[in-house]
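Engineer: What follows is start_36.cif, made up of mmCIF, C-alpha atoms:
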data_my_file
#
loop_
_atom_site.label_atom_id
_atom_site.label_comp_id
_atom_site.auth_asym_id
_atom_site.auth_seq_id
_atom_site.Cartn_x
_atom_site.Cartn_y
_atom_site.Cartn_z
CA MET A 936 0.00 0.00 0.00
CA LYS A 937 1.36 3.39 -1.00
CA THR A 938 1.68 5.95 1.80
CA THR A 939 1.46 9.74 1.40
CA ILE A 940 2.00 12.14 4.29
CA ILE A 941 0.48 15.60 3.94
CA VAL A 942 2.08 18.07 6.37
CA ASN A 943 0.67 21.46 7.28
CA PRO A 944 3.82 23.35 8.33
CA THR A 945 1.87 26.31 9.74
CA ALA A 946 -0.34 24.37 12.17
CA ALA A 947 0.01 25.41 15.83
CA ASN A 948 1.74 28.59 14.72
CA GLY A 949 4.57 26.70 12.99
CA LYS A 950 5.21 24.16 15.75
CA SER A 951 3.82 21.46 13.46
CA LEU A 952 6.86 21.77 11.17
CA LYS A 953 9.27 21.48 14.10
CA ARG A 954 7.48 18.37 15.29
CA TRP A 955 7.58 16.90 11.78
CA GLU A 956 11.34 17.37 11.55
CA GLN A 957 11.71 15.21 14.66
CA PHE A 958 8.92 12.79 13.81
CA LYS A 959 10.18 11.86 10.33
CA ASN A 960 13.48 10.53 11.70
CA LYS A 961 11.57 7.78 13.50
CA LEU A 962 9.71 6.49 10.44
CA ASN A 963 11.09 3.31 8.86
CA PHE A 964 9.11 3.02 5.60
CA THR A 965 9.03 4.73 2.21
CA TYR A 966 6.46 7.48 1.71
CA ASP A 967 5.62 10.45 -0.47
CA LEU A 968 5.76 13.80 1.33
CA GLN A 969 3.53 16.74 0.47
CA MET A 970 3.61 20.16 2.17
CA THR A 971 0.56 22.41 2.14
CA THR A 972 1.01 26.04 1.16
CA SER A 973 -2.49 27.50 1.52
CA PRO A 974 -5.99 26.81 2.91
CA LYS A 975 -7.72 23.85 1.20
CA HIS A 976 -4.42 22.75 -0.35
CA ALA A 977 -4.56 19.50 1.65
CA THR A 978 -7.92 18.71 0.03
CA THR A 979 -6.43 19.21 -3.43
CA LEU A 980 -3.41 17.03 -2.62
CA ALA A 981 -5.53 14.26 -1.11
CA ARG A 982 -7.94 14.31 -4.04
CA LYS A 983 -5.04 13.93 -6.51
CA CYS A 984 -3.89 10.89 -4.53
CA ALA A 985 -7.39 9.43 -4.63
CA GLU A 986 -7.71 9.97 -8.38
CA THR A 987 -4.76 7.63 -9.09
CA GLY A 988 -6.89 4.66 -8.08
CA GLU A 989 -4.04 3.12 -6.09
CA PRO A 990 -4.72 1.56 -2.68
CA GLN A 991 -3.09 3.99 -0.29
CA LEU A 992 -2.78 5.42 3.16
CA ILE A 993 -2.97 9.22 3.28
CA ILE A 994 -1.79 10.70 6.57
CA ALA A 995 -2.72 14.22 7.68
CA PHE A 996 -0.01 15.80 9.85
CA GLY A 997 -1.37 19.01 11.37
CA GLY A 998 -4.40 20.32 13.21
CA ASP A 999 -8.11 19.60 12.92
CA GLY A 1000 -8.32 21.72 9.78
CA THR A 1001 -5.70 19.58 8.04
CA ALA A 1002 -7.54 16.39 9.01
CA HIS A 1003 -10.80 17.84 7.73
CA GLU A 1004 -9.25 18.84 4.40
CA VAL A 1005 -7.62 15.45 3.79
CA ILE A 1006 -10.83 13.60 4.59
CA GLU A 1007 -12.84 15.85 2.30
CA GLY A 1008 -10.35 15.03 -0.46
CA ILE A 1009 -10.82 11.25 -0.17
CA LEU A 1010 -14.61 11.06 0.20
CA ASP A 1011 -16.03 8.01 -1.59
CA CYS A 1012 -12.54 6.70 -2.41
CA SER A 1013 -12.82 2.97 -1.67
CA ASN A 1014 -9.04 2.48 -2.01
CA CYS A 1015 -8.06 5.29 0.38
CA ILE A 1016 -7.53 5.15 4.13
CA ALA A 1017 -7.07 8.32 6.16
CA GLY A 1018 -4.57 8.45 8.99
CA VAL A 1019 -4.14 11.42 11.31
CA ILE A 1020 -1.28 12.69 13.47
CA GLY A 1021 -2.50 15.58 15.59
CA ALA A 1022 -0.04 18.48 15.53
CA GLY A 1023 -2.36 21.45 15.98
CA SER A 1024 -3.48 23.54 18.92
CA GLY A 1025 -6.92 22.01 19.55
CA ASN A 1026 -6.75 18.46 18.18
CA ASP A 1027 -10.40 17.63 18.87
CA PHE A 1028 -10.26 15.15 16.00
CA GLY A 1029 -8.02 12.85 18.04
CA ARG A 1030 -10.51 12.85 20.90
CA GLY A 1031 -13.37 11.58 18.77
CA PHE A 1032 -11.49 9.43 16.25
CA LEU A 1033 -8.57 7.01 16.51
CA SER A 1034 -5.38 8.78 15.47
CA PHE A 1035 -1.68 7.94 15.59
CA GLN A 1036 -0.05 8.98 18.87
CA ASN A 1037 3.57 8.37 17.87
CA ALA A 1038 5.85 7.19 15.05
CA HIS A 1039 5.93 3.63 16.40
CA GLU A 1040 2.17 3.31 15.81
CA VAL A 1041 2.57 4.58 12.24
CA ASN A 1042 5.40 2.12 11.53
CA GLN A 1043 3.38 -0.71 12.99
CA TYR A 1044 0.30 0.15 10.96
CA VAL A 1045 2.16 0.44 7.65
CA GLN A 1046 3.72 -2.99 8.25
CA SER A 1047 0.35 -4.55 9.09
CA GLN A 1048 -2.57 -5.48 6.87
CA GLY A 1049 -3.88 -1.93 6.90
CA LEU A 1050 -7.25 -2.42 8.60
CA ALA A 1051 -9.76 0.41 8.34
CA THR A 1052 -13.12 1.50 9.72
CA GLU A 1053 -15.79 3.25 7.66
CA MET A 1054 -16.91 6.61 9.04
CA ASP A 1055 -19.69 9.14 8.54
CA ILE A 1056 -19.34 12.78 7.58
CA GLY A 1057 -21.81 15.63 8.04
CA VAL A 1058 -22.73 18.20 5.43
CA MET A 1059 -24.50 21.55 5.67
CA HIS A 1060 -26.44 22.69 2.60
CA HIS A 1061 -27.12 26.40 2.25
CA GLN A 1062 -28.78 27.49 -0.99
CA ASN A 1063 -26.31 26.36 -3.70
CA ARG A 1064 -23.33 25.62 -1.47
CA SER A 1065 -22.32 22.66 0.70
CA TYR A 1066 -19.98 22.63 3.69
CA TYR A 1067 -18.64 19.33 5.07
CA PHE A 1068 -17.90 18.72 8.73
CA VAL A 1069 -16.08 15.75 10.25
CA ASN A 1070 -16.41 16.91 13.86
CA ASN A 1071 -19.29 19.37 14.15
CA ALA A 1072 -20.98 22.48 12.80
CA GLY A 1073 -22.71 25.30 14.60
CA ILE A 1074 -24.74 28.49 14.48
CA GLY A 1075 -24.65 31.42 16.89
CA PHE A 1076 -22.52 32.13 19.92
CA ASP A 1077 -19.90 29.39 19.46
CA ALA A 1078 -19.62 30.05 15.71
CA TYR A 1079 -18.97 33.73 16.37
CA ILE A 1080 -16.30 32.79 18.93
CA ALA A 1081 -14.63 30.48 16.40
CA TYR A 1082 -14.70 33.28 13.82
CA GLN A 1083 -12.99 35.69 16.21
CA VAL A 1084 -10.41 33.12 17.33
CA ASN A 1085 -9.39 32.31 13.78
CA LYS A 1086 -8.95 35.92 12.64
CA SER A 1087 -7.29 37.24 15.81
CA PRO A 1088 -3.54 37.42 16.52
CA VAL A 1089 -4.30 36.36 20.12
CA LYS A 1090 -4.33 32.68 19.18
CA LYS A 1091 -0.93 32.97 17.47
CA ILE A 1092 0.54 34.67 20.53
CA LEU A 1093 -0.85 32.01 22.88
CA ASN A 1094 0.37 29.23 20.58
CA LYS A 1095 3.94 30.45 21.06
CA PHE A 1096 3.58 29.52 24.72
CA SER A 1097 1.63 26.29 24.02
CA LEU A 1098 -1.51 27.98 25.34
CA GLY A 1099 -3.50 28.05 22.13
CA LYS A 1100 -6.54 26.43 23.79
CA LEU A 1101 -6.96 29.52 25.96
CA ALA A 1102 -7.85 31.62 22.91
CA TYR A 1103 -11.29 30.04 22.86
CA THR A 1104 -11.79 30.81 26.56
CA PHE A 1105 -10.64 34.41 26.06
CA PHE A 1106 -13.14 35.10 23.28
CA LEU A 1107 -15.88 33.17 25.06
CA ILE A 1108 -15.76 35.64 27.93
CA LYS A 1109 -15.43 38.61 25.58
CA THR A 1110 -18.41 37.55 23.46
CA LEU A 1111 -20.50 36.70 26.49
CA VAL A 1112 -21.00 40.40 27.20
CA THR A 1113 -22.22 41.51 23.78
CA PHE A 1114 -23.89 38.55 22.02
CA GLN A 1115 -27.61 38.87 21.24
CA HIS A 1116 -29.96 35.88 21.32
CA PHE A 1117 -31.81 34.60 18.28
CA ASP A 1118 -34.88 32.49 17.54
CA LEU A 1119 -34.51 29.07 15.95
CA ASN A 1120 -36.87 26.68 14.20
CA VAL A 1121 -35.89 23.00 14.04
CA GLU A 1122 -37.43 20.48 11.67
CA THR A 1123 -36.78 16.80 11.02
CA PRO A 1124 -38.90 14.45 8.89
CA SER A 1125 -40.99 13.70 12.02
CA TYR A 1126 -40.49 16.70 14.32
CA SER A 1127 -40.86 20.46 14.42
CA ARG A 1128 -40.22 22.92 17.24
CA SER A 1129 -39.34 26.57 17.76
CA PHE A 1130 -36.86 27.82 20.35
CA LYS A 1131 -36.62 31.38 21.70
CA LYS A 1132 -33.62 33.23 23.14
CA VAL A 1133 -31.12 30.76 21.67
CA TRP A 1134 -27.41 31.20 22.37
CA PHE A 1135 -26.17 28.55 19.99
CA VAL A 1136 -26.99 25.30 18.24
CA THR A 1137 -24.37 22.67 17.45
CA VAL A 1138 -24.69 19.75 15.03
CA SER A 1139 -22.28 16.97 15.99
CA ASN A 1140 -20.79 13.96 14.25
CA GLN A 1141 -18.47 13.24 17.20
CA PRO A 1142 -18.48 14.41 20.84
CA TYR A 1143 -15.74 17.07 21.03
CA TYR A 1144 -15.06 20.63 19.94
CA GLY A 1145 -13.42 23.85 21.15
CA GLY A 1146 -10.20 22.19 22.37
CA GLY A 1147 -11.69 19.42 24.50
CA MET A 1148 -15.31 20.44 25.20
CA LYS A 1149 -17.53 17.34 25.21
CA ILE A 1150 -20.49 19.09 23.64
CA SER A 1151 -22.30 15.96 22.42
CA PRO A 1152 -21.43 13.00 24.67
CA GLN A 1153 -23.64 10.52 22.80
CA SER A 1154 -22.32 11.22 19.31
CA ASN A 1155 -20.82 8.30 17.40
CA PRO A 1156 -19.19 9.07 14.02
CA ALA A 1157 -20.11 5.65 12.63
CA ASP A 1158 -23.81 5.31 13.52
CA GLY A 1159 -25.45 7.09 10.59
CA GLN A 1160 -26.84 9.84 12.84
CA ILE A 1161 -25.98 13.41 13.79
CA GLU A 1162 -26.84 15.08 17.08
CA LEU A 1163 -28.27 18.50 17.79
CA THR A 1164 -27.45 20.51 20.92
CA ILE A 1165 -29.44 23.69 21.57
CA VAL A 1166 -28.67 26.07 24.43
CA HIS A 1167 -31.42 28.61 25.11
CA HIS A 1168 -33.14 30.75 27.79
CA LEU A 1169 -29.97 31.16 29.86
CA SER A 1170 -28.62 34.19 31.69
CA ARG A 1171 -25.10 35.22 30.74
CA ILE A 1172 -23.72 34.02 34.07
CA LYS A 1173 -25.43 30.64 33.81
CA LEU A 1174 -24.17 30.25 30.23
CA LEU A 1175 -20.63 30.56 31.57
CA LEU A 1176 -21.37 27.78 34.06
CA VAL A 1177 -22.72 25.64 31.24
CA PHE A 1178 -19.51 26.11 29.24
CA VAL A 1179 -17.41 25.06 32.23
CA SER A 1180 -19.53 21.91 32.61
CA VAL A 1181 -19.15 21.09 28.89
CA TYR A 1182 -15.53 20.04 29.45
CA PHE A 1183 -16.89 17.19 31.57
CA GLY A 1184 -19.95 16.46 29.44
CA LYS A 1185 -22.21 17.46 32.35
CA HIS A 1186 -24.05 20.31 30.62
CA THR A 1187 -26.78 17.94 29.49
CA SER A 1188 -28.27 18.04 33.00
CA PHE A 1189 -29.30 21.70 32.53
CA LYS A 1190 -32.95 22.10 31.55
CA GLU A 1191 -31.92 24.84 29.11
CA VAL A 1192 -29.83 22.39 27.08
CA HIS A 1193 -31.87 20.44 24.57
CA GLN A 1194 -30.43 17.49 22.62
CA MET A 1195 -31.79 15.20 19.92
CA SER A 1196 -30.55 12.78 17.26
CA ALA A 1197 -31.62 12.32 13.63
CA LYS A 1198 -30.35 11.73 10.11
CA SER A 1199 -31.11 15.31 9.09
CA PHE A 1200 -32.12 18.68 10.50
CA ALA A 1201 -33.44 21.85 8.88
CA LEU A 1202 -32.49 24.89 10.97
CA THR A 1203 -33.94 28.36 10.41
CA THR A 1204 -32.97 31.55 12.27
CA ASN A 1205 -34.79 34.86 12.54
CA ASP A 1206 -31.62 36.92 12.06
CA TYR A 1207 -28.22 36.76 10.37
CA MET A 1208 -26.03 34.46 12.49
CA TYR A 1209 -22.44 33.28 12.16
CA ARG A 1210 -21.92 29.64 11.21
CA HIS A 1211 -18.94 27.31 11.43
CA THR A 1212 -18.05 23.87 10.14
CA ASP A 1213 -15.23 22.16 12.04
CA GLY A 1214 -14.35 25.51 13.59
CA GLU A 1215 -13.96 27.31 10.27
CA PHE A 1216 -16.12 30.27 9.25
CA ALA A 1217 -18.99 29.11 7.01
CA SER A 1218 -20.67 32.41 6.15
CA LYS A 1219 -23.89 33.47 7.90
CA THR A 1220 -27.43 32.23 8.01
CA VAL A 1221 -30.09 34.10 6.06
CA PRO A 1222 -33.22 34.97 8.06
CA GLN A 1223 -36.14 32.61 7.39
CA VAL A 1224 -34.06 30.51 4.95
CA ALA A 1225 -33.40 27.00 6.23
CA ASP A 1226 -29.94 25.45 6.43
CA LYS A 1227 -30.15 21.68 6.00
CA PHE A 1228 -27.75 19.45 7.92
CA THR A 1229 -27.47 15.79 6.93
CA VAL A 1230 -25.20 12.84 7.63
CA LEU A 1231 -23.52 10.88 4.84
CA PRO A 1232 -22.95 7.38 6.26
CA LYS A 1233 -19.75 5.42 5.68
CA ARG A 1234 -18.24 7.82 3.16
CA TRP A 1235 -14.57 7.58 4.19
CA LYS A 1236 -12.18 5.20 5.93
CA ILE A 1237 -9.87 5.75 8.90
CA THR A 1238 -7.03 3.62 10.18
CA LYS A 1239 -8.06 0.87 12.61
CA LEU A 1240 -5.31 0.47 15.17
CA THR A 1241 -4.79 -2.89 16.87
#
I need this file expressed as C-alpha cells, please.
Structural biologist:
Amino acid sequence: MKTTIIVNPTAANGKSLKRWEQFKNKLNFTYDLQMTTSPKHATTLARKCAETGEPQLIIAFGGDGTAHEVIEGILDCSNCIAGVIGAGSGNDFGRGFLSFQNAHEVNQYVQSQGLATEMDIGVMHHQNRSYYFVNNAGIGFDAYIAYQVNKSPVKKILNKFSLGKLAYTFFLIKTLVTFQHFDLNVETPSYSRSFKKVWFVTVSNQPYYGGGMKISPQSNPADGQIELTIVHHLSRIKLLLVFVSVYFGKHTSFKEVHQMSAKSFALTTNDYMYRHTDGEFASKTVPQVADKFTVLPKRWKITKLT
C-alpha cells in the first residue's frame, strides 16, 4: 500500500513543522511527502492521490483543519484510508477518532494489513453551497467565537507559549457580554419545534469541539446519525457555568440544554447568524431561509489500530 503524508507546516503557529522534523526521523518506511502552502491545499493534494486509483494510506499531519481537508479530499474513495497525526493547537479530532499517537504506531500500521473502519461525515447545505464537517458544525454564539479566534492574533501569541486552547476561553468571555440571542426553528422528517432566546446550536458527528469540550457525549461518528445541541433561555452568568460543565460532558443536565438525534435537521434563524463547520467560518445564516444538515454514512475510511 502506497503511503502519502500531507504536512501542514503552519499548524500550531509553525510548531507542526518542528514536530515533523523530529517525527520523520523515526519512520522506517518509504512514503511520499507533500507540504501544504495554503488553505484547502490539503484537500487538493488528497484528491489527486485518490484519483490515481491506487490503494493507499494518506496521513494528515497538522491540526483539525488539516484532518478535515484530507478527509474531504478522499470522500467516496474505496481504495483510500485516512490516517491522522495531531499536531495542531486544539486536536479535537483525536478525541473523537482514533489517530496515531507516535511514530511507532505509524510504523506498525504500515507494516500490518492496513485495517480500516468506515466513518460518517456531516454536510450543511445552504442554498447552492455545501460545507462538510467531520467533527461538528454550529450556528450562533460558538460560531462567532470560532470566527474571532481564527482571525485574531491572540491565538498565534498564545500558541507560542503552548496555550492556544486559551484563545477560545478568552473570546468566550469577551463575546458573552455583547452577544444577542436569536430564535430558531428546528425540523426533522418527524419533528418540528421553535426555540426562543437561543445562544447557539451545534450539530455533531463526534463528541468534542473547542479544544476538549464534550459538547455531544452521545455522538458516534459511525452510527449514521448526527446530534443537535441547543442552548437557550440562559442568563449570561449561567451560560458561563454551562460552558465550564461542557468540558466534563455534564451540561446535558441543565434544563436549558436540549439534545436530539436524527439523520437530518433543517435549521432556520430569525436573524443573520455566524456559522462554522469544524471551527472554520462558514458564512452566515439568512433569516427565514433553512440550512439543512445531513449525515452521509460510511463515506470515508480511517485507520483501525490494533
Engineer: Record the distance separating CA of Ala1078 (chain A) and CA of Ala1217 (chain A), expressed in Å with one decimal.
Structural biologist: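 Distance reported for this atom pair: 8.8 Å.
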Engineer: Write out as a ChimeraX atom specification the residues lying within 12 Å of Lys975 (chain A), counting all atoms listed in the file and excluding same-chain residues fewer than 2 positions away.
Structural biologist: /A:941,943,970-973,977-982,1000-1008,1215
Engineer: Could you tell me how far CA of Thr1204 (chain A) lies from CA of Phe1130 (chain A), in Å and to one decimal?
Structural biologist: 9.7 Å
Engineer: Using only C-alpha atoms, find the one residue out of A:Ile1092, A:Gly998, A:Lys959, A:Gly988 that sits nearest to Ala1038 (chain A).
Structural biologist: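 With only C-alpha atoms as the atom set, the closest residue is A:Lys959.
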Engineer: So which residues fall inside 6 Å of (-38.8, 32.3, 15.8) if we count all atoms listed in the file? Mind giving them as number ranges by chain?
Structural biologist: A: 1118-1119, 1205
Engineer: On this structure, which residues satisfy the PyMOL selection byres ((chain A and resi 1076) around 6), written as a PDB file with C-alpha atoms, in the coordinates of the input?
Structural biologist:
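Output file result_17.pdb follows:
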ATOM      1  CA  GLY A1075     -24.650  31.420  16.890  1.00  0.00           C
ATOM      2  CA  ASP A1077     -19.900  29.390  19.460  1.00  0.00           C
ATOM      3  CA  ALA A1078     -19.620  30.050  15.710  1.00  0.00           C
ATOM      4  CA  TYR A1079     -18.970  33.730  16.370  1.00  0.00           C
ATOM      5  CA  TRP A1134     -27.410  31.200  22.370  1.00  0.00           C
ATOM      6  CA  PHE A1135     -26.170  28.550  19.990  1.00  0.00           C
TER       7      PHE A1135
END
Engineer: Check what the PyMOL selection byres ((chain A and resi 1207) around 8) selects in the file above and give those residues as a VMD selection string.
Structural biologist: chain A and resid 1204 to 1206 1208 to 1209 1219 to 1222
Engineer: Let me know the centre plus edge lengths, in Å and rounded to one decimal, of a box with edges along x, y and z that contains all listed atoms of region 1126-1136 of chain A and is padded by 8 Å on every side, as lines of an AutoDock Vina configuration file.
Structural biologist:
center_x = -33.5
center_y = 25.0
center_z = 18.7
size_x = 30.7
size_y = 32.5
size_z = 24.8
Engineer: Please enumerate the residues selected by the PyMOL selection byres ((chain A and resi 1107) around 10) when evaluated against the supplied file, formatted as a PyMOL selection string.
Structural biologist: chain A and resi 1076-1077+1079-1081+1083-1084+1101-1106+1108-1112+1175+1178
Engineer: Region 1182-1218 of chain A from the block above, N, CA and C atoms, as a PDB file, in the first residue's frame, please?
Structural biologist:
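This is the output file part_27.pdb:
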ATOM      1  N   TYR A1182     -16.797  20.770  29.461  1.00  0.00           N
ATOM      2  CA  TYR A1182     -15.530  20.041  29.454  1.00  0.00           C
ATOM      3  C   TYR A1182     -15.668  18.652  30.070  1.00  0.00           C
ATOM      4  N   PHE A1183     -16.674  18.477  30.906  1.00  0.00           N
ATOM      5  CA  PHE A1183     -16.891  17.192  31.571  1.00  0.00           C
ATOM      6  C   PHE A1183     -18.124  16.473  31.025  1.00  0.00           C
ATOM      7  N   GLY A1184     -18.761  17.055  30.020  1.00  0.00           N
ATOM      8  CA  GLY A1184     -19.947  16.462  29.440  1.00  0.00           C
ATOM      9  C   GLY A1184     -21.148  16.488  30.367  1.00  0.00           C
ATOM     10  N   LYS A1185     -21.141  17.407  31.339  1.00  0.00           N
ATOM     11  CA  LYS A1185     -22.210  17.464  32.346  1.00  0.00           C
ATOM     12  C   LYS A1185     -23.280  18.512  32.027  1.00  0.00           C
ATOM     13  N   HIS A1186     -23.104  19.257  30.960  1.00  0.00           N
ATOM     14  CA  HIS A1186     -24.051  20.314  30.621  1.00  0.00           C
ATOM     15  C   HIS A1186     -25.433  19.792  30.264  1.00  0.00           C
ATOM     16  N   THR A1187     -25.503  18.517  29.906  1.00  0.00           N
ATOM     17  CA  THR A1187     -26.783  17.939  29.487  1.00  0.00           C
ATOM     18  C   THR A1187     -27.798  17.876  30.629  1.00  0.00           C
ATOM     19  N   SER A1188     -27.355  18.064  31.856  1.00  0.00           N
ATOM     20  CA  SER A1188     -28.269  18.039  32.997  1.00  0.00           C
ATOM     21  C   SER A1188     -29.032  19.357  33.159  1.00  0.00           C
ATOM     22  N   PHE A1189     -28.605  20.418  32.463  1.00  0.00           N
ATOM     23  CA  PHE A1189     -29.301  21.699  32.532  1.00  0.00           C
ATOM     24  C   PHE A1189     -30.589  21.630  31.715  1.00  0.00           C
ATOM     25  N   LYS A1190     -31.674  22.131  32.257  1.00  0.00           N
ATOM     26  CA  LYS A1190     -32.953  22.097  31.546  1.00  0.00           C
ATOM     27  C   LYS A1190     -32.940  22.973  30.300  1.00  0.00           C
ATOM     28  N   GLU A1191     -32.014  23.941  30.260  1.00  0.00           N
ATOM     29  CA  GLU A1191     -31.924  24.837  29.107  1.00  0.00           C
ATOM     30  C   GLU A1191     -31.088  24.259  27.959  1.00  0.00           C
ATOM     31  N   VAL A1192     -30.589  23.068  28.137  1.00  0.00           N
ATOM     32  CA  VAL A1192     -29.828  22.392  27.085  1.00  0.00           C
ATOM     33  C   VAL A1192     -30.695  21.278  26.500  1.00  0.00           C
ATOM     34  N   HIS A1193     -30.984  21.395  25.238  1.00  0.00           N
ATOM     35  CA  HIS A1193     -31.874  20.442  24.566  1.00  0.00           C
ATOM     36  C   HIS A1193     -31.060  19.657  23.536  1.00  0.00           C
ATOM     37  N   GLN A1194     -31.172  18.328  23.561  1.00  0.00           N
ATOM     38  CA  GLN A1194     -30.434  17.495  22.618  1.00  0.00           C
ATOM     39  C   GLN A1194     -31.360  16.513  21.917  1.00  0.00           C
ATOM     40  N   MET A1195     -31.039  16.199  20.678  1.00  0.00           N
ATOM     41  CA  MET A1195     -31.790  15.205  19.919  1.00  0.00           C
ATOM     42  C   MET A1195     -30.894  14.613  18.838  1.00  0.00           C
ATOM     43  N   SER A1196     -31.325  13.480  18.283  1.00  0.00           N
ATOM     44  CA  SER A1196     -30.552  12.783  17.262  1.00  0.00           C
ATOM     45  C   SER A1196     -31.439  12.484  16.060  1.00  0.00           C
ATOM     46  N   ALA A1197     -30.873  12.599  14.863  1.00  0.00           N
ATOM     47  CA  ALA A1197     -31.625  12.324  13.631  1.00  0.00           C
ATOM     48  C   ALA A1197     -30.645  12.155  12.477  1.00  0.00           C
ATOM     49  N   LYS A1198     -31.180  11.825  11.315  1.00  0.00           N
ATOM     50  CA  LYS A1198     -30.346  11.731  10.112  1.00  0.00           C
ATOM     51  C   LYS A1198     -30.217  13.082   9.419  1.00  0.00           C
ATOM     52  N   SER A1199     -31.163  13.987   9.703  1.00  0.00           N
ATOM     53  CA  SER A1199     -31.106  15.306   9.091  1.00  0.00           C
ATOM     54  C   SER A1199     -31.875  16.319   9.926  1.00  0.00           C
ATOM     55  N   PHE A1200     -31.456  17.571   9.828  1.00  0.00           N
ATOM     56  CA  PHE A1200     -32.123  18.681  10.501  1.00  0.00           C
ATOM     57  C   PHE A1200     -32.207  19.858   9.534  1.00  0.00           C
ATOM     58  N   ALA A1201     -33.321  20.573   9.586  1.00  0.00           N
ATOM     59  CA  ALA A1201     -33.442  21.846   8.884  1.00  0.00           C
ATOM     60  C   ALA A1201     -33.524  22.927   9.957  1.00  0.00           C
ATOM     61  N   LEU A1202     -32.572  23.865   9.941  1.00  0.00           N
ATOM     62  CA  LEU A1202     -32.489  24.894  10.970  1.00  0.00           C
ATOM     63  C   LEU A1202     -32.698  26.267  10.340  1.00  0.00           C
ATOM     64  N   THR A1203     -33.620  27.042  10.934  1.00  0.00           N
ATOM     65  CA  THR A1203     -33.942  28.361  10.407  1.00  0.00           C
ATOM     66  C   THR A1203     -33.839  29.395  11.525  1.00  0.00           C
ATOM     67  N   THR A1204     -33.113  30.486  11.280  1.00  0.00           N
ATOM     68  CA  THR A1204     -32.970  31.553  12.269  1.00  0.00           C
ATOM     69  C   THR A1204     -33.780  32.778  11.856  1.00  0.00           C
ATOM     70  N   ASN A1205     -34.026  33.640  12.822  1.00  0.00           N
ATOM     71  CA  ASN A1205     -34.786  34.861  12.540  1.00  0.00           C
ATOM     72  C   ASN A1205     -33.885  36.056  12.241  1.00  0.00           C
ATOM     73  N   ASP A1206     -32.576  35.829  12.282  1.00  0.00           N
ATOM     74  CA  ASP A1206     -31.621  36.920  12.061  1.00  0.00           C
ATOM     75  C   ASP A1206     -30.372  36.343  11.415  1.00  0.00           C
ATOM     76  N   TYR A1207     -29.498  37.207  10.919  1.00  0.00           N
ATOM     77  CA  TYR A1207     -28.217  36.761  10.370  1.00  0.00           C
ATOM     78  C   TYR A1207     -27.335  36.279  11.525  1.00  0.00           C
ATOM     79  N   MET A1208     -26.852  35.043  11.434  1.00  0.00           N
ATOM     80  CA  MET A1208     -26.027  34.464  12.486  1.00  0.00           C
ATOM     81  C   MET A1208     -24.780  33.805  11.883  1.00  0.00           C
ATOM     82  N   TYR A1209     -23.675  33.930  12.603  1.00  0.00           N
ATOM     83  CA  TYR A1209     -22.443  33.277  12.163  1.00  0.00           C
ATOM     84  C   TYR A1209     -22.615  31.757  12.208  1.00  0.00           C
ATOM     85  N   ARG A1210     -21.938  31.110  11.245  1.00  0.00           N
ATOM     86  CA  ARG A1210     -21.919  29.644  11.213  1.00  0.00           C
ATOM     87  C   ARG A1210     -20.477  29.166  11.154  1.00  0.00           C
ATOM     88  N   HIS A1211     -20.263  27.930  11.602  1.00  0.00           N
ATOM     89  CA  HIS A1211     -18.943  27.307  11.432  1.00  0.00           C
ATOM     90  C   HIS A1211     -19.115  25.842  11.071  1.00  0.00           C
ATOM     91  N   THR A1212     -18.146  25.307  10.371  1.00  0.00           N
ATOM     92  CA  THR A1212     -18.047  23.870  10.138  1.00  0.00           C
ATOM     93  C   THR A1212     -16.626  23.461  10.506  1.00  0.00           C
ATOM     94  N   ASP A1213     -16.531  22.566  11.491  1.00  0.00           N
ATOM     95  CA  ASP A1213     -15.231  22.162  12.041  1.00  0.00           C
ATOM     96  C   ASP A1213     -14.389  23.361  12.458  1.00  0.00           C
ATOM     97  N   GLY A1214     -15.047  24.344  13.054  1.00  0.00           N
ATOM     98  CA  GLY A1214     -14.352  25.509  13.592  1.00  0.00           C
ATOM     99  C   GLY A1214     -13.972  26.566  12.588  1.00  0.00           C
ATOM    100  N   GLU A1215     -14.299  26.347  11.313  1.00  0.00           N
ATOM    101  CA  GLU A1215     -13.963  27.312  10.272  1.00  0.00           C
ATOM    102  C   GLU A1215     -15.211  28.108   9.877  1.00  0.00           C
ATOM    103  N   PHE A1216     -15.022  29.391   9.634  1.00  0.00           N
ATOM    104  CA  PHE A1216     -16.123  30.271   9.253  1.00  0.00           C
ATOM    105  C   PHE A1216     -16.843  29.726   8.022  1.00  0.00           C
ATOM    106  N   ALA A1217     -18.180  29.636   8.107  1.00  0.00           N
ATOM    107  CA  ALA A1217     -18.987  29.106   7.005  1.00  0.00           C
ATOM    108  C   ALA A1217     -20.106  30.086   6.671  1.00  0.00           C
ATOM    109  N   SER A1218     -19.739  31.347   6.509  1.00  0.00           N
ATOM    110  CA  SER A1218     -20.669  32.408   6.152  1.00  0.00           C
ATOM    111  C   SER A1218     -21.705  32.610   7.265  1.00  0.00           C
TER     112      SER A1218
END
